[in-house]
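Notes follow the structure.
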Amino acid sequence: MKRGNLHGTVAFLCVSFLLLSCGPKDHEESTQGWEQEMRQITQTLAKQHDAVRFPPGDFAERKVLTYNLKNLLANKEGRPVLFDGFLDDIIGQENETFVHFTCRLSDDPSEDRTVRFHLKCNYGDVRSLLDYPPEYHRLAEYLFLKGIRKDFLVLCVVTDVAKIVSHSVVGRSSEGSERVDLDIQSPDTFSARGELLRMVKYSTILSQDY
């Protein structure tokens, strides 16, 4: 065998070995390790703070009314709320800092109902995000709302809840037809105000080795 062919064969075998060593089994074990770590963090935060885990499972099956939602989130017992949130924005207002998250109203991927959390926070809580803003992904929010992507685990105290009244008009037409039907949509959207206690970025756990 020629030396060039021998080197090529050895290189091929090395690459094949590396691919096999990083196969589906390793990926599955890595994913399981990450999921286990996140479950642990979620359970620890919920137990330490006696937190309300949001959203409840039955929200996918029933109409959510502002009165009931406020009783759950801004409860008289003062229990904090723990939810999965998508980072919308960070603003400074009158020497105070606020972080905004979007949360799904249920775990049903077909849902378009949401709660927008507006939380007062310390500047130090969000300084790293302001100094190094997260990468922009065009489909990130869509993937989050469909339950495919995770962003932040958020613990907060809610003081007030209100419904946001908004409408959108969508035009629909059949193929080959000049007629356009207007569909007026008004998905349930709520606003929750309060104070941030803690937030954990999922990617910081995902980057760990398992």
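In the structure tokens, chains take the letters A, B, ... in the order shown, each chain's residues start at 1, and ligands count up from 1 in the order shown.
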
A:Lys150: which residues within 10 Å, counting only C-alpha atoms, same-chain residues fewer than 5 positions away excluded, as a compact mmCIF listing (two decimals) with C-alpha atoms, in the first residue's frame?
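So the final result, stored in around-v9.txt, reads:
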```txt
# COMPACT_ATOMS: atom_id res chain seq x y z
CA ASP A 84 -40.34 29.74 32.22
CA GLY A 85 -39.95 33.12 30.54
CA PHE A 86 -38.67 34.56 27.29
CA ALA A 140 -36.38 32.32 19.10
CA GLU A 141 -39.65 33.67 20.51
CA LEU A 143 -39.84 28.39 19.24
CA PHE A 144 -40.26 29.38 22.90
CA LEU A 145 -44.01 29.85 22.53
CA LYS A 201 -30.51 31.37 32.04
CA TYR A 202 -31.01 27.87 30.65
CA SER A 203 -27.99 28.10 28.35
```

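Within stretch 48-108 of chain A, the backbone-based DSSP assignment of strand (DSSP E) covers Val52, Arg53, Phe54, Val81, Leu82, Phe83, Asp84, Gly85, Phe86, Leu87, Asp88, Asp89, Ile90, Ile91, Gly92, Gln93, Glu96, Thr97, Phe98, Val99, His100, Phe101, Thr102, Cys103 and Arg104 of chain A.
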
Could the residues in this selection be saved with N, CA and C atoms as a PDB file, in the first residue's frame?
```pdb
ATOM      1  N   VAL A  52     -45.320  29.177  43.627  1.00  0.00           N
ATOM      2  CA  VAL A  52     -46.388  28.720  42.745  1.00  0.00           C
ATOM      3  C   VAL A  52     -45.767  28.417  41.384  1.00  0.00           C
ATOM      4  N   ARG A  53     -45.842  27.165  40.953  1.00  0.00           N
ATOM      5  CA  ARG A  53     -45.280  26.799  39.635  1.00  0.00           C
ATOM      6  C   ARG A  53     -46.299  27.174  38.567  1.00  0.00           C
ATOM      7  N   PHE A  54     -45.867  28.002  37.628  1.00  0.00           N
ATOM      8  CA  PHE A  54     -46.778  28.544  36.630  1.00  0.00           C
ATOM      9  C   PHE A  54     -46.299  28.183  35.233  1.00  0.00           C
ATOM     10  N   VAL A  81     -43.792  33.355  42.424  1.00  0.00           N
ATOM     11  CA  VAL A  81     -44.191  32.599  41.237  1.00  0.00           C
ATOM     12  C   VAL A  81     -42.930  32.160  40.491  1.00  0.00           C
ATOM     13  N   LEU A  82     -42.934  30.905  40.049  1.00  0.00           N
ATOM     14  CA  LEU A  82     -41.808  30.343  39.305  1.00  0.00           C
ATOM     15  C   LEU A  82     -42.299  29.959  37.914  1.00  0.00           C
ATOM     16  N   PHE A  83     -41.675  30.532  36.875  1.00  0.00           N
ATOM     17  CA  PHE A  83     -42.157  30.269  35.518  1.00  0.00           C
ATOM     18  C   PHE A  83     -41.009  30.265  34.518  1.00  0.00           C
ATOM     19  N   ASP A  84     -41.268  29.686  33.347  1.00  0.00           N
ATOM     20  CA  ASP A  84     -40.338  29.737  32.223  1.00  0.00           C
ATOM     21  C   ASP A  84     -40.669  30.974  31.406  1.00  0.00           C
ATOM     22  N   GLY A  85     -39.689  31.860  31.230  1.00  0.00           N
ATOM     23  CA  GLY A  85     -39.952  33.117  30.542  1.00  0.00           C
ATOM     24  C   GLY A  85     -39.001  33.370  29.392  1.00  0.00           C
ATOM     25  N   PHE A  86     -39.497  34.119  28.419  1.00  0.00           N
ATOM     26  CA  PHE A  86     -38.674  34.558  27.294  1.00  0.00           C
ATOM     27  C   PHE A  86     -38.328  36.025  27.509  1.00  0.00           C
ATOM     28  N   LEU A  87     -37.047  36.349  27.496  1.00  0.00           N
ATOM     29  CA  LEU A  87     -36.617  37.721  27.744  1.00  0.00           C
ATOM     30  C   LEU A  87     -37.052  38.635  26.605  1.00  0.00           C
ATOM     31  N   ASP A  88     -37.907  39.614  26.935  1.00  0.00           N
ATOM     32  CA  ASP A  88     -38.398  40.572  25.944  1.00  0.00           C
ATOM     33  C   ASP A  88     -37.546  41.837  25.899  1.00  0.00           C
ATOM     34  N   ASP A  89     -37.306  42.412  27.086  1.00  0.00           N
ATOM     35  CA  ASP A  89     -36.626  43.701  27.099  1.00  0.00           C
ATOM     36  C   ASP A  89     -36.162  44.032  28.511  1.00  0.00           C
ATOM     37  N   ILE A  90     -35.260  44.988  28.602  1.00  0.00           N
ATOM     38  CA  ILE A  90     -34.812  45.558  29.873  1.00  0.00           C
ATOM     39  C   ILE A  90     -34.865  47.072  29.710  1.00  0.00           C
ATOM     40  N   ILE A  91     -35.502  47.745  30.648  1.00  0.00           N
ATOM     41  CA  ILE A  91     -35.633  49.198  30.519  1.00  0.00           C
ATOM     42  C   ILE A  91     -35.217  49.884  31.814  1.00  0.00           C
ATOM     43  N   GLY A  92     -34.796  51.144  31.688  1.00  0.00           N
ATOM     44  CA  GLY A  92     -34.520  51.985  32.841  1.00  0.00           C
ATOM     45  C   GLY A  92     -35.554  53.090  32.894  1.00  0.00           C
ATOM     46  N   GLN A  93     -36.142  53.275  34.061  1.00  0.00           N
ATOM     47  CA  GLN A  93     -37.217  54.265  34.181  1.00  0.00           C
ATOM     48  C   GLN A  93     -37.148  54.924  35.549  1.00  0.00           C
ATOM     49  N   GLU A  96     -34.860  53.449  38.041  1.00  0.00           N
ATOM     50  CA  GLU A  96     -35.180  52.063  38.382  1.00  0.00           C
ATOM     51  C   GLU A  96     -35.019  51.190  37.136  1.00  0.00           C
ATOM     52  N   THR A  97     -34.791  49.917  37.365  1.00  0.00           N
ATOM     53  CA  THR A  97     -34.578  48.981  36.261  1.00  0.00           C
ATOM     54  C   THR A  97     -35.686  47.934  36.254  1.00  0.00           C
ATOM     55  N   PHE A  98     -36.180  47.628  35.054  1.00  0.00           N
ATOM     56  CA  PHE A  98     -37.244  46.638  34.905  1.00  0.00           C
ATOM     57  C   PHE A  98     -36.848  45.642  33.818  1.00  0.00           C
ATOM     58  N   VAL A  99     -37.158  44.386  34.075  1.00  0.00           N
ATOM     59  CA  VAL A  99     -36.923  43.341  33.085  1.00  0.00           C
ATOM     60  C   VAL A  99     -38.278  42.754  32.693  1.00  0.00           C
ATOM     61  N   HIS A 100     -38.468  42.518  31.405  1.00  0.00           N
ATOM     62  CA  HIS A 100     -39.757  42.056  30.885  1.00  0.00           C
ATOM     63  C   HIS A 100     -39.616  40.648  30.296  1.00  0.00           C
ATOM     64  N   PHE A 101     -40.532  39.777  30.684  1.00  0.00           N
ATOM     65  CA  PHE A 101     -40.558  38.409  30.182  1.00  0.00           C
ATOM     66  C   PHE A 101     -41.934  38.080  29.612  1.00  0.00           C
ATOM     67  N   THR A 102     -41.956  37.197  28.614  1.00  0.00           N
ATOM     68  CA  THR A 102     -43.204  36.614  28.129  1.00  0.00           C
ATOM     69  C   THR A 102     -43.271  35.175  28.621  1.00  0.00           C
ATOM     70  N   CYS A 103     -44.453  34.784  29.079  1.00  0.00           N
ATOM     71  CA  CYS A 103     -44.665  33.422  29.575  1.00  0.00           C
ATOM     72  C   CYS A 103     -45.902  32.837  28.906  1.00  0.00           C
ATOM     73  N   ARG A 104     -45.844  31.569  28.567  1.00  0.00           N
ATOM     74  CA  ARG A 104     -47.017  30.912  27.992  1.00  0.00           C
ATOM     75  C   ARG A 104     -48.072  30.691  29.078  1.00  0.00           C
TER      76      ARG A 104
END
```

Expected answer as number ranges by chain: alpha helix (DSSP H) residues in stretch 14-151 of chain A: A: 14-21, 24-49, 66-73, 123-131, 140-145

Write the residues of the preceding selection, restricted to C-alpha atoms, as a PDB file, in the first residue's frame.
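Generated file (part-v7.pdb):
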```
ATOM      1  CA  CYS A  14      -9.654   8.261  13.172  1.00  0.00           C
ATOM      2  CA  VAL A  15     -12.529  10.454  11.955  1.00  0.00           C
ATOM      3  CA  SER A  16     -14.910   7.478  11.992  1.00  0.00           C
ATOM      4  CA  PHE A  17     -13.896   6.659  15.543  1.00  0.00           C
ATOM      5  CA  LEU A  18     -14.494  10.247  16.667  1.00  0.00           C
ATOM      6  CA  LEU A  19     -17.919  10.324  15.023  1.00  0.00           C
ATOM      7  CA  LEU A  20     -18.882   7.050  16.662  1.00  0.00           C
ATOM      8  CA  SER A  21     -17.580   8.214  20.042  1.00  0.00           C
ATOM      9  CA  PRO A  24     -26.546   9.534  19.603  1.00  0.00           C
ATOM     10  CA  LYS A  25     -25.876   7.812  22.912  1.00  0.00           C
ATOM     11  CA  ASP A  26     -23.527  10.586  24.106  1.00  0.00           C
ATOM     12  CA  HIS A  27     -25.963  13.260  22.916  1.00  0.00           C
ATOM     13  CA  GLU A  28     -28.810  11.529  24.750  1.00  0.00           C
ATOM     14  CA  GLU A  29     -26.766  11.272  27.947  1.00  0.00           C
ATOM     15  CA  SER A  30     -25.801  14.966  27.678  1.00  0.00           C
ATOM     16  CA  THR A  31     -29.447  15.968  27.181  1.00  0.00           C
ATOM     17  CA  GLN A  32     -30.561  13.834  30.115  1.00  0.00           C
ATOM     18  CA  GLY A  33     -27.878  15.388  32.322  1.00  0.00           C
ATOM     19  CA  TRP A  34     -29.002  18.897  31.400  1.00  0.00           C
ATOM     20  CA  GLU A  35     -32.681  18.097  31.956  1.00  0.00           C
ATOM     21  CA  GLN A  36     -31.904  16.497  35.308  1.00  0.00           C
ATOM     22  CA  GLU A  37     -29.902  19.567  36.387  1.00  0.00           C
ATOM     23  CA  MET A  38     -32.755  21.893  35.414  1.00  0.00           C
ATOM     24  CA  ARG A  39     -35.323  19.753  37.226  1.00  0.00           C
ATOM     25  CA  GLN A  40     -33.114  19.908  40.299  1.00  0.00           C
ATOM     26  CA  ILE A  41     -32.803  23.695  40.144  1.00  0.00           C
ATOM     27  CA  THR A  42     -36.550  24.095  39.561  1.00  0.00           C
ATOM     28  CA  GLN A  43     -37.455  21.797  42.436  1.00  0.00           C
ATOM     29  CA  THR A  44     -34.954  23.488  44.764  1.00  0.00           C
ATOM     30  CA  LEU A  45     -36.251  26.988  44.023  1.00  0.00           C
ATOM     31  CA  ALA A  46     -39.878  25.881  44.331  1.00  0.00           C
ATOM     32  CA  LYS A  47     -39.232  24.161  47.658  1.00  0.00           C
ATOM     33  CA  GLN A  48     -37.041  26.890  49.173  1.00  0.00           C
ATOM     34  CA  HIS A  49     -39.522  29.666  48.363  1.00  0.00           C
ATOM     35  CA  THR A  66     -58.344  37.996  35.200  1.00  0.00           C
ATOM     36  CA  TYR A  67     -59.911  37.603  38.656  1.00  0.00           C
ATOM     37  CA  ASN A  68     -58.719  33.995  39.008  1.00  0.00           C
ATOM     38  CA  LEU A  69     -55.305  34.708  37.507  1.00  0.00           C
ATOM     39  CA  LYS A  70     -54.713  37.584  39.933  1.00  0.00           C
ATOM     40  CA  ASN A  71     -55.699  35.414  42.898  1.00  0.00           C
ATOM     41  CA  LEU A  72     -53.157  32.829  41.763  1.00  0.00           C
ATOM     42  CA  LEU A  73     -50.223  35.100  40.933  1.00  0.00           C
ATOM     43  CA  TYR A 123     -29.230  46.771  38.070  1.00  0.00           C
ATOM     44  CA  GLY A 124     -26.780  44.063  39.115  1.00  0.00           C
ATOM     45  CA  ASP A 125     -29.333  41.366  38.215  1.00  0.00           C
ATOM     46  CA  VAL A 126     -29.257  42.352  34.540  1.00  0.00           C
ATOM     47  CA  ARG A 127     -25.867  44.008  34.147  1.00  0.00           C
ATOM     48  CA  SER A 128     -24.307  41.020  32.369  1.00  0.00           C
ATOM     49  CA  LEU A 129     -27.211  40.982  29.890  1.00  0.00           C
ATOM     50  CA  LEU A 130     -26.795  44.695  29.221  1.00  0.00           C
ATOM     51  CA  ASP A 131     -23.028  44.395  28.776  1.00  0.00           C
ATOM     52  CA  ALA A 140     -36.380  32.315  19.096  1.00  0.00           C
ATOM     53  CA  GLU A 141     -39.653  33.671  20.506  1.00  0.00           C
ATOM     54  CA  TYR A 142     -41.756  31.503  18.180  1.00  0.00           C
ATOM     55  CA  LEU A 143     -39.837  28.385  19.244  1.00  0.00           C
ATOM     56  CA  PHE A 144     -40.258  29.384  22.895  1.00  0.00           C
ATOM     57  CA  LEU A 145     -44.014  29.854  22.532  1.00  0.00           C
TER      58      LEU A 145
END
```

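Of the residues under consideration (A:Ala74, A:Arg198, A:Tyr136, A:Gly147), A:Gly147 shows the shortest atom-to-atom contact distance to A:Ser110 when counting only C-alpha atoms.
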
Contact residues around A:Val158 with only C-alpha atoms at 10 Å, ignoring same-chain residues under 5 positions, as a PyMOL selection string: chain A and resi 70+72-75+78-81+117-119+192-196

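Closest to A:Thr189 among A:Leu65, A:Ala60, A:Ile148, A:Leu153 is A:Leu65, based on only C-alpha atoms.
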
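Of the listed residues A:Ser106, A:Met199, A:Arg116, A:Pro133, the one whose atoms come nearest to A:Val64 is A:Ser106, with distances taken using only C-alpha atoms.
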
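Comparing the minimum interatomic distances between A:Leu155 and each of A:Glu94, A:Arg62, A:Pro56, A:Leu197, counting only C-alpha atoms, we find that A:Leu197 sits nearest.
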
Selected residue of minimal separation from A:Lys146 among A:Lys163, A:Lys120, A:Pro109, A:Tyr132, counting only C-alpha atoms: A:Pro109

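The space separating atom CA of A:Thr114 from atom CA of A:Asn95 comes to 28.5 Å.
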
Pairwise distance for atom CA of A:Asp112 and atom CA of A:Arg149, rounded to one decimal in Å: 15.5 Å

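The space separating atom CA of A:Ala162 from atom CA of A:Pro187 comes to 14.2 Å.
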